[in-house]
Structures are given as structure tokens and as C-alpha cells.
>>> print(open('data_39.cif').read())   # mmCIF, C-alpha atoms
data_model
#
loop_
_atom_site.group_PDB
_atom_site.id
_atom_site.type_symbol
_atom_site.label_atom_id
_atom_site.label_comp_id
_atom_site.auth_asym_id
_atom_site.auth_seq_id
_atom_site.Cartn_x
_atom_site.Cartn_y
_atom_site.Cartn_z
ATOM 1 C CA MET I 1 108.222 -6.700 14.169
ATOM 2 C CA ALA I 2 105.156 -6.667 11.896
ATOM 3 C CA GLU I 3 107.451 -6.240 8.859
ATOM 4 C CA THR I 4 109.456 -9.319 9.874
ATOM 5 C CA ARG I 5 106.255 -11.305 10.287
ATOM 6 C CA LEU I 6 104.938 -10.172 6.886
ATOM 7 C CA LEU I 7 108.193 -11.108 5.164
ATOM 8 C CA ALA I 8 108.328 -14.505 6.851
ATOM 9 C CA GLU I 9 104.684 -15.149 5.999
ATOM 10 C CA GLU I 10 105.187 -14.253 2.337
ATOM 11 C CA THR I 11 108.388 -16.183 1.708
ATOM 12 C CA THR I 12 107.688 -19.476 3.420
ATOM 13 C CA THR I 13 104.848 -21.917 3.490
ATOM 14 C CA THR I 14 106.326 -23.844 6.416
ATOM 15 C CA GLY I 15 103.718 -24.258 9.077
ATOM 16 C CA TRP I 16 100.797 -23.072 6.899
ATOM 17 C CA ARG I 17 98.138 -25.455 5.643
ATOM 18 C CA TRP I 18 94.585 -25.422 4.355
ATOM 19 C CA GLU I 19 91.984 -27.884 5.560
ATOM 20 C CA VAL I 20 88.246 -28.419 5.524
ATOM 21 C CA SER I 21 87.080 -27.550 9.035
ATOM 22 C CA ARG I 22 85.842 -30.472 11.100
ATOM 23 C CA ASP I 23 85.307 -28.643 14.411
ATOM 24 C CA PRO I 24 82.285 -26.297 14.510
ATOM 25 C CA HIS I 25 83.270 -24.965 17.944
ATOM 26 C CA GLU I 26 86.727 -23.935 16.722
ATOM 27 C CA ALA I 27 85.260 -22.327 13.592
ATOM 28 C CA HIS I 28 82.587 -20.472 15.557
ATOM 29 C CA ALA I 29 85.096 -19.245 18.147
ATOM 30 C CA LEU I 30 87.365 -17.891 15.386
ATOM 31 C CA LEU I 31 84.427 -16.198 13.670
ATOM 32 C CA CYS I 32 83.203 -14.544 16.879
ATOM 33 C CA ALA I 33 86.706 -13.454 17.923
ATOM 34 C CA CYS I 34 87.255 -11.816 14.527
ATOM 35 C CA ASP I 35 83.823 -10.159 14.644
ATOM 36 C CA ALA I 36 84.512 -8.742 18.124
ATOM 37 C CA HIS I 37 87.933 -7.428 17.053
ATOM 38 C CA GLN I 38 86.558 -5.818 13.885
ATOM 39 C CA ALA I 39 83.602 -4.293 15.770
ATOM 40 C CA ALA I 40 85.907 -2.712 18.341
ATOM 41 C CA ALA I 41 88.289 -1.426 15.661
ATOM 42 C CA SER I 42 85.550 0.012 13.435
ATOM 43 C CA GLY I 43 83.050 1.149 16.057
ATOM 44 C CA THR I 44 80.324 -0.892 14.372
ATOM 45 C CA PRO I 45 78.167 -3.628 15.896
ATOM 46 C CA ALA I 46 79.370 -7.211 15.598
ATOM 47 C CA PRO I 47 77.075 -9.455 13.551
ATOM 48 C CA ARG I 48 74.902 -11.919 15.440
ATOM 49 C CA ARG I 49 76.211 -15.379 14.672
ATOM 50 C CA ARG I 50 74.317 -18.570 15.305
ATOM 51 C CA PRO I 51 76.347 -21.623 16.379
ATOM 52 C CA GLU I 52 73.784 -23.845 14.610
ATOM 53 C CA THR I 53 74.594 -22.174 11.295
ATOM 54 C CA THR I 54 78.322 -22.663 11.843
ATOM 55 C CA GLU I 55 77.729 -26.297 12.737
ATOM 56 C CA ALA I 56 75.645 -26.857 9.579
ATOM 57 C CA ARG I 57 78.296 -25.197 7.383
ATOM 58 C CA VAL I 58 81.075 -27.290 8.947
ATOM 59 C CA ARG I 59 79.026 -30.503 8.566
ATOM 60 C CA SER I 60 78.444 -29.693 4.883
ATOM 61 C CA GLY I 61 82.198 -29.302 4.267
ATOM 62 C CA SER I 62 81.822 -25.623 3.288
ATOM 63 C CA VAL I 63 84.239 -24.114 5.834
ATOM 64 C CA ARG I 64 87.896 -23.789 4.844
ATOM 65 C CA LEU I 65 90.420 -23.201 7.603
ATOM 66 C CA LEU I 66 93.952 -21.839 7.278
ATOM 67 C CA ARG I 67 96.219 -23.094 10.033
ATOM 68 C CA HIS I 68 99.557 -21.821 11.159
ATOM 69 C CA GLY I 69 100.990 -24.720 13.087
ATOM 70 C CA ALA I 70 98.165 -26.001 15.276
ATOM 71 C CA CYS I 71 96.370 -22.631 15.464
ATOM 72 C CA ALA I 72 93.471 -21.494 13.298
ATOM 73 C CA ALA I 73 94.633 -18.278 11.604
ATOM 74 C CA GLY I 74 91.802 -17.666 9.124
ATOM 75 C CA MET I 75 88.694 -19.161 7.583
ATOM 76 C CA PHE I 76 85.904 -18.668 5.098
ATOM 77 C CA THR I 77 82.785 -20.442 3.923
ATOM 78 C CA LEU I 78 82.249 -21.276 0.261
ATOM 79 C CA THR I 79 78.796 -22.553 -0.675
ATOM 80 C CA TRP I 80 76.466 -22.884 -3.635
ATOM 81 C CA ASP I 81 73.534 -21.983 -1.351
ATOM 82 C CA ARG I 82 73.077 -18.238 -0.894
ATOM 83 C CA PRO I 83 73.901 -17.542 2.791
ATOM 84 C CA PHE I 84 72.511 -13.991 2.797
ATOM 85 C CA THR I 85 69.347 -12.251 1.670
ATOM 86 C CA VAL I 86 69.578 -10.160 -1.472
ATOM 87 C CA ALA I 87 66.815 -8.529 -3.479
ATOM 88 C CA GLU I 88 66.023 -10.096 -6.828
ATOM 89 C CA GLY I 89 67.804 -8.350 -9.684
ATOM 90 C CA VAL I 90 70.666 -6.885 -7.634
ATOM 91 C CA TYR I 91 73.231 -9.135 -9.262
ATOM 92 C CA PRO I 92 73.534 -9.623 -13.002
ATOM 93 C CA HIS I 93 72.686 -13.072 -14.353
ATOM 94 C CA ALA I 94 75.158 -15.859 -13.615
ATOM 95 C CA ASP I 95 74.934 -19.509 -14.597
ATOM 96 C CA ARG I 96 76.878 -20.921 -11.620
ATOM 97 C CA PRO I 97 77.207 -18.418 -8.756
ATOM 98 C CA ILE I 98 79.032 -19.531 -5.622
ATOM 99 C CA HIS I 99 79.038 -17.600 -2.355
ATOM 100 C CA LEU I 100 81.843 -16.482 -0.060
ATOM 101 C CA SER I 101 80.820 -15.748 3.519
ATOM 102 C CA ARG I 102 82.063 -15.788 7.081
ATOM 103 C CA LEU I 103 85.551 -14.572 6.214
ATOM 104 C CA ALA I 104 87.428 -14.406 9.510
ATOM 105 C CA VAL I 105 91.014 -13.830 10.613
ATOM 106 C CA ALA I 106 92.298 -14.494 14.130
ATOM 107 C CA PRO I 107 92.697 -11.148 15.941
ATOM 108 C CA GLU I 108 96.410 -11.682 16.592
ATOM 109 C CA TRP I 109 96.955 -11.863 12.824
ATOM 110 C CA LEU I 110 94.749 -8.839 12.183
ATOM 111 C CA ALA I 111 96.625 -6.784 14.757
ATOM 112 C CA ASP I 112 99.973 -7.374 13.054
ATOM 113 C CA GLY I 113 98.748 -6.495 9.568
ATOM 114 C CA SER I 114 99.443 -9.952 8.167
ATOM 115 C CA LEU I 115 98.333 -11.297 4.818
ATOM 116 C CA VAL I 116 96.041 -13.997 6.247
ATOM 117 C CA GLY I 117 92.894 -12.253 4.958
ATOM 118 C CA LEU I 118 94.435 -11.966 1.496
ATOM 119 C CA ARG I 119 95.388 -15.640 1.574
ATOM 120 C CA CYS I 120 91.813 -16.571 2.540
ATOM 121 C CA VAL I 121 90.173 -14.574 -0.254
ATOM 122 C CA ARG I 122 92.686 -15.738 -2.877
ATOM 123 C CA HIS I 123 92.111 -19.365 -1.830
ATOM 124 C CA ALA I 124 88.340 -18.844 -2.025
ATOM 125 C CA ILE I 125 88.713 -17.448 -5.556
ATOM 126 C CA GLU I 126 90.880 -20.416 -6.591
ATOM 127 C CA GLU I 127 88.477 -22.966 -5.090
ATOM 128 C CA ALA I 128 85.457 -21.273 -6.653
ATOM 129 C CA ALA I 129 87.097 -21.345 -10.086
ATOM 130 C CA ARG I 130 88.113 -25.013 -9.669
ATOM 131 C CA ALA I 131 84.523 -25.855 -8.714
ATOM 132 C CA GLY I 132 83.311 -24.386 -12.012
ATOM 133 C CA ALA I 133 81.637 -21.234 -10.694
ATOM 134 C CA ASP I 134 81.346 -18.325 -13.095
ATOM 135 C CA VAL I 135 81.030 -15.693 -10.333
ATOM 136 C CA LEU I 136 81.900 -15.416 -6.653
ATOM 137 C CA ARG I 137 79.356 -13.438 -4.617
ATOM 138 C CA SER I 138 79.733 -12.017 -1.149
ATOM 139 C CA GLU I 139 78.159 -9.701 1.375
ATOM 140 C CA ALA I 140 80.466 -7.378 3.319
ATOM 141 C CA ASN I 141 80.348 -4.630 5.888
ATOM 142 C CA PRO I 142 81.488 -1.457 4.063
ATOM 143 C CA ASP I 143 82.658 0.016 7.388
ATOM 144 C CA LEU I 144 85.439 -2.571 7.550
ATOM 145 C CA ARG I 145 87.585 -0.480 5.241
ATOM 146 C CA GLU I 146 90.579 -2.807 5.020
ATOM 147 C CA THR I 147 88.399 -5.800 4.154
ATOM 148 C CA ARG I 148 86.463 -3.806 1.605
ATOM 149 C CA SER I 149 89.679 -2.461 0.040
ATOM 150 C CA LEU I 150 91.062 -5.988 -0.182
ATOM 151 C CA LEU I 151 87.926 -7.209 -1.956
ATOM 152 C CA ASP I 152 88.022 -4.229 -4.335
ATOM 153 C CA ILE I 153 91.685 -4.874 -5.177
ATOM 154 C CA LEU I 154 90.913 -8.532 -5.879
ATOM 155 C CA GLY I 155 88.242 -7.575 -8.405
ATOM 156 C CA PHE I 156 85.001 -7.642 -6.442
ATOM 157 C CA ARG I 157 82.456 -5.070 -7.613
ATOM 158 C CA GLN I 158 79.514 -3.712 -5.644
ATOM 159 C CA TYR I 159 75.998 -4.331 -6.930
ATOM 160 C CA GLY I 160 73.058 -2.472 -5.452
ATOM 161 C CA PRO I 161 73.030 0.129 -2.687
ATOM 162 C CA THR I 162 74.595 0.031 0.759
ATOM 163 C CA LEU I 163 71.975 -1.467 3.071
ATOM 164 C CA GLY I 164 71.447 -1.065 6.806
ATOM 165 C CA ASP I 165 69.235 -2.382 9.577
ATOM 166 C CA GLU I 166 67.886 -1.143 12.908
ATOM 167 C CA GLY I 167 70.950 -2.447 14.766
ATOM 168 C CA GLY I 168 73.250 -0.139 12.826
ATOM 169 C CA SER I 169 74.795 -2.947 10.812
ATOM 170 C CA ARG I 170 75.541 -2.060 7.173
ATOM 171 C CA ARG I 171 76.231 -4.334 4.232
ATOM 172 C CA VAL I 172 76.966 -4.326 0.531
ATOM 173 C CA HIS I 173 76.637 -7.066 -2.065
ATOM 174 C CA LEU I 174 79.767 -7.812 -4.053
ATOM 175 C CA GLN I 175 80.601 -10.037 -6.995
ATOM 176 C CA LYS I 176 83.769 -11.119 -8.744
ATOM 177 C CA THR I 177 83.598 -12.556 -12.248
ATOM 178 C CA LEU I 178 85.631 -15.750 -12.481
ATOM 179 C CA ARG I 179 84.990 -16.564 -16.130
ATOM 180 C CA THR I 180 82.841 -14.987 -18.745
ATOM 181 C CA ALA I 181 79.926 -16.864 -20.187
ATOM 182 C CA VAL I 182 80.619 -18.374 -23.555
ATOM 183 C CA SER I 183 77.926 -17.479 -26.015
ATOM 184 C CA VAL I 184 77.052 -20.178 -28.461
ATOM 185 C CA PRO I 185 75.756 -18.954 -31.806
ATOM 186 C CA ASP I 186 72.276 -20.084 -32.740
ATOM 187 C CA ARG I 187 72.351 -22.929 -35.202
ATOM 188 C CA GLU I 188 69.616 -22.997 -37.704
ATOM 189 C CA GLY I 189 69.278 -26.009 -39.782
#
>>> encode(input="data_39.cif", output="C-alpha cells")
Amino acid sequence: MAETRLLAEETTTTGWRWEVSRDPHEAHALLCACDAHQAAASGTPAPRRRPETTEARVRSGSVRLLRHGACAAGMFTLTWDRPFTVAEGVYPHADRPIHLSRLAVAPEWLADGSLVGLRCVRHAIEEAARAGADVLRSEANPDLRETRSLLDILGFRQYGPTLGDEGGSRRVHLQKTLRTAVSVPDREG
């Protein structure tokens, strides 16, 4: 059954559409449902999510939602403001970094091994490039092996060490180069 679903998902766009999220409650529910599913599957703690943060991200137009019919299947946040703490100097210099966060897939799509997560990350990469970013930065839980493998395959590279906190949550900082900086020769005149 999963193979049939994968094939149907890959070969047709009927019923799939991207939108800017307008409903913070729907976005937060999807995020928390995905977190709970991933925590149970990986044996790691679910991140603590604040509804106020979700509401602010939705209000700013930063949350992209992938729908299948009327149902939210996946989402991510794309923002110029860094949504996570990172030590200075972890990332190499970038002129226009944009940040991917809050990647979430509805548990029913995760359970069937669909390509919703791939679609979300690819769309984030496309939107980041269209917006003129030179790099796409993200923070991820390295214990979510499938997510981490997906990001690796799509060209994200880890910068800095794997970090952890008292709650047992681990994270890594990742970056994907979208375009290389163009060096302009010095002009002496």
C-alpha cells in the first residue's frame, strides 16, 4: 500500500498545493503532532514549542503549508531572522543567509514513508533561492536519522559540533549553499 501511495504522490499533483499558512492553530497542531510522532519513533524528547512563536511566524507570512486536499500534510518556516541560537563563527560567512525551521510532516504521511518531507525541503530550497539567499541554514535533531539523511542528500552540510542540553535534546547546525558569492576584482584607478 505504501508503494502505491508513493507512486501516486510522485506522478500526480492533483490535490496537492502550497500556501502561506493563515491559521496558527492548524500550523501549531501539525508541528506538535509531528514532534510527538518523531519523539516516539526515535526515543528522544519532543521539542518544547510555544504557540506564541507559531502565531508570530504565521502572522509574518513565514510558514509554508503543503496541503493534500483540505488536510495539512507538511510545513516549514522560512525566515531571514535566525530562529535558533548558534555560536558566533560556527557558520562560514554568508551575505544573505535565510533560515529553515519547524519542518513538520503529518504523522499519517510519515508512517507511510511518503515524500512529503522531501517536497517540503525542496520547496524551501526553491523559495530561498528565489528570495535571493546565498545559503539556507537550519538546525536539526541528529537522532532523527531519516530527516538528517534527507538533508544530507539535498546538500546540507554540518557546521560545528553536535550540541545537547539537560533535557536530552540534541541538535546540529546545517547549511546548504544556494549560490556562490561572486568576487569582484579590485579596481584601481
>>> resolve_selection(input="data_39.cif", expression="the PyMOL selection byres ((chain I and resi 66) around 12)", output="ChimeraX atom specification")
/I:13,15-21,27,30,63-65,67-77,103-106,109,115-124
>>> residues_around(input="data_39.cif", residues="Thr79 (chain I)", least_positions_apart="5", cutoff="9 Å", atoms="all atoms listed in the file", output="list in words")
Arg57, Ser62, Val63, Ile98, His99, Leu100 and Ser101 of chain I
>>> closest_residue(input="data_39.cif", among="I:Leu110, I:Leu178, I:Leu151, I:Ala128", to="Ala36 (chain I)", atoms="all atoms listed in the file")
I:Leu110
>>> atom_distance(input="data_39.cif", atom1="CA of Ser42 (chain I)", atom2="CA of Asp23 (chain I)")
28.7 Å
>>> closest_residue(input="data_39.cif", among="I:Leu150, I:Ala133, I:Leu144, I:Val172", to="Thr44 (chain I)", atoms="all atoms listed in the file")
I:Leu144
>>> residues_around(input="data_39.cif", residues="Ala140 (chain I)", least_positions_apart="6", cutoff="12 Å", atoms="all atoms listed in the file", output="MDAnalysis selection string")
chainID I and resid 47 84 99:104 146:152 156:159 162:164 169:175
>>> axis_aligned_box(input="data_39.cif", around="region 23-27 of chain I", padding_each_side="6 Å", output="JSON")
{"center_x": 84.5, "center_y": -25.5, "center_z": 15.8, "size_x": 16.4, "size_y": 18.3, "size_z": 16.4}
>>> atom_distance(input="data_39.cif", atom1="CA of Thr54 (chain I)", atom2="CA of His28 (chain I)")
6.1 Å
>>> atom_distance(input="data_39.cif", atom1="CA of Ala129 (chain I)", atom2="CA of Asp81 (chain I)")
16.1 Å
>>> closest_residue(input="data_39.cif", among="I:Gln38, I:Ser114, I:Thr14, I:Thr177", to="Arg145 (chain I)", atoms="all atoms listed in the file")
I:Gln38
>>> residues_near_point(input="data_39.cif", point="(82.0, -23.5, -15.9)", cutoff="8 Å", atoms="all atoms listed in the file", output="list in words")
Arg96, Ala131, Gly132, Ala133, Asp134 and Arg179 of chain I
>>> closest_residue(input="data_39.cif", among="I:Arg22, I:Arg82, I:Arg59, I:Arg50", to="Arg137 (chain I)", atoms="only C-alpha atoms")
I:Arg82
>>> closest_residue(input="data_39.cif", among="I:Ile153, I:Ala111, I:Leu136, I:Leu78", to="Pro97 (chain I)", atoms="all atoms listed in the file")
I:Leu136
>>> closest_residue(input="data_39.cif", among="I:Pro83, I:Asp143, I:Gly160, I:Glu108", to="Ala46 (chain I)", atoms="all atoms listed in the file")
I:Asp143
>>> build_atoms(input="data_39.cif", residues="region 162-173 of chain I", atoms="all heavy atoms", output="short mmCIF file (atom, residue, chain, number, x, y, z; two decimals), in the coordinates of the input")
data_model
loop_
_atom_site.label_atom_id
_atom_site.label_comp_id
_atom_site.auth_asym_id
_atom_site.auth_seq_id
_atom_site.Cartn_x
_atom_site.Cartn_y
_atom_site.Cartn_z
N THR I 162 74.18 0.41 -0.59
CA THR I 162 74.60 0.03 0.76
C THR I 162 73.33 -0.07 1.60
O THR I 162 72.50 0.83 1.60
CB THR I 162 75.55 1.09 1.35
OG1 THR I 162 76.71 1.16 0.52
CG2 THR I 162 75.95 0.74 2.78
N LEU I 163 73.17 -1.20 2.28
CA LEU I 163 71.97 -1.47 3.07
C LEU I 163 72.30 -1.38 4.56
O LEU I 163 73.44 -1.60 4.96
CB LEU I 163 71.44 -2.86 2.74
CG LEU I 163 71.14 -3.13 1.27
CD1 LEU I 163 70.87 -4.61 1.04
CD2 LEU I 163 69.97 -2.28 0.80
N GLY I 164 71.28 -1.10 5.36
CA GLY I 164 71.45 -1.06 6.81
C GLY I 164 70.23 -1.61 7.50
O GLY I 164 69.17 -1.78 6.90
N ASP I 165 70.38 -1.92 8.80
CA ASP I 165 69.24 -2.38 9.58
C ASP I 165 69.13 -1.58 10.87
O ASP I 165 69.96 -0.72 11.14
CB ASP I 165 69.30 -3.89 9.84
CG ASP I 165 70.54 -4.32 10.62
OD1 ASP I 165 71.07 -3.52 11.41
OD2 ASP I 165 70.97 -5.47 10.45
N GLU I 166 68.13 -1.89 11.68
CA GLU I 166 67.89 -1.14 12.91
C GLU I 166 69.06 -1.22 13.88
O GLU I 166 69.26 -0.32 14.67
CB GLU I 166 66.63 -1.66 13.63
CG GLU I 166 65.36 -1.60 12.84
CD GLU I 166 65.11 -2.90 12.07
OE1 GLU I 166 65.38 -4.01 12.59
OE2 GLU I 166 64.64 -2.81 10.93
N GLY I 167 69.82 -2.28 13.85
CA GLY I 167 70.95 -2.45 14.77
C GLY I 167 72.17 -1.65 14.37
O GLY I 167 73.19 -1.69 15.06
N GLY I 168 72.11 -0.93 13.27
CA GLY I 168 73.25 -0.14 12.83
C GLY I 168 74.22 -0.89 11.94
O GLY I 168 75.22 -0.34 11.50
N SER I 169 73.93 -2.15 11.66
CA SER I 169 74.80 -2.95 10.81
C SER I 169 74.56 -2.58 9.35
O SER I 169 73.42 -2.44 8.91
CB SER I 169 74.48 -4.43 11.04
OG SER I 169 75.32 -5.23 10.27
N ARG I 170 75.65 -2.39 8.60
CA ARG I 170 75.54 -2.06 7.17
C ARG I 170 76.16 -3.19 6.36
O ARG I 170 77.01 -3.92 6.83
CB ARG I 170 76.27 -0.74 6.89
CG ARG I 170 75.60 0.42 7.57
CD ARG I 170 76.26 1.78 7.41
NE ARG I 170 77.53 1.87 6.75
CZ ARG I 170 77.77 2.62 5.67
NH1 ARG I 170 76.79 3.34 5.12
NH2 ARG I 170 78.97 2.69 5.14
N ARG I 171 75.69 -3.29 5.09
CA ARG I 171 76.23 -4.33 4.23
C ARG I 171 76.11 -3.93 2.77
O ARG I 171 75.24 -3.15 2.40
CB ARG I 171 75.54 -5.67 4.49
CG ARG I 171 74.07 -5.66 4.20
CD ARG I 171 73.35 -6.84 4.85
NE ARG I 171 71.94 -6.84 4.56
CZ ARG I 171 71.04 -6.05 5.11
NH1 ARG I 171 71.40 -5.18 6.02
NH2 ARG I 171 69.76 -6.13 4.78
N VAL I 172 76.99 -4.50 1.98
CA VAL I 172 76.97 -4.33 0.53
C VAL I 172 77.07 -5.71 -0.10
O VAL I 172 77.59 -6.65 0.49
CB VAL I 172 78.12 -3.42 0.02
CG1 VAL I 172 77.94 -1.99 0.50
CG2 VAL I 172 79.48 -3.97 0.42
N HIS I 173 76.56 -5.82 -1.32
CA HIS I 173 76.64 -7.07 -2.06
C HIS I 173 77.71 -6.91 -3.14
O HIS I 173 77.70 -5.94 -3.90
CB HIS I 173 75.27 -7.41 -2.67
CG HIS I 173 74.28 -7.71 -1.60
ND1 HIS I 173 73.22 -6.90 -1.32
CD2 HIS I 173 74.23 -8.73 -0.71
CE1 HIS I 173 72.54 -7.41 -0.31
NE2 HIS I 173 73.13 -8.52 0.08
#
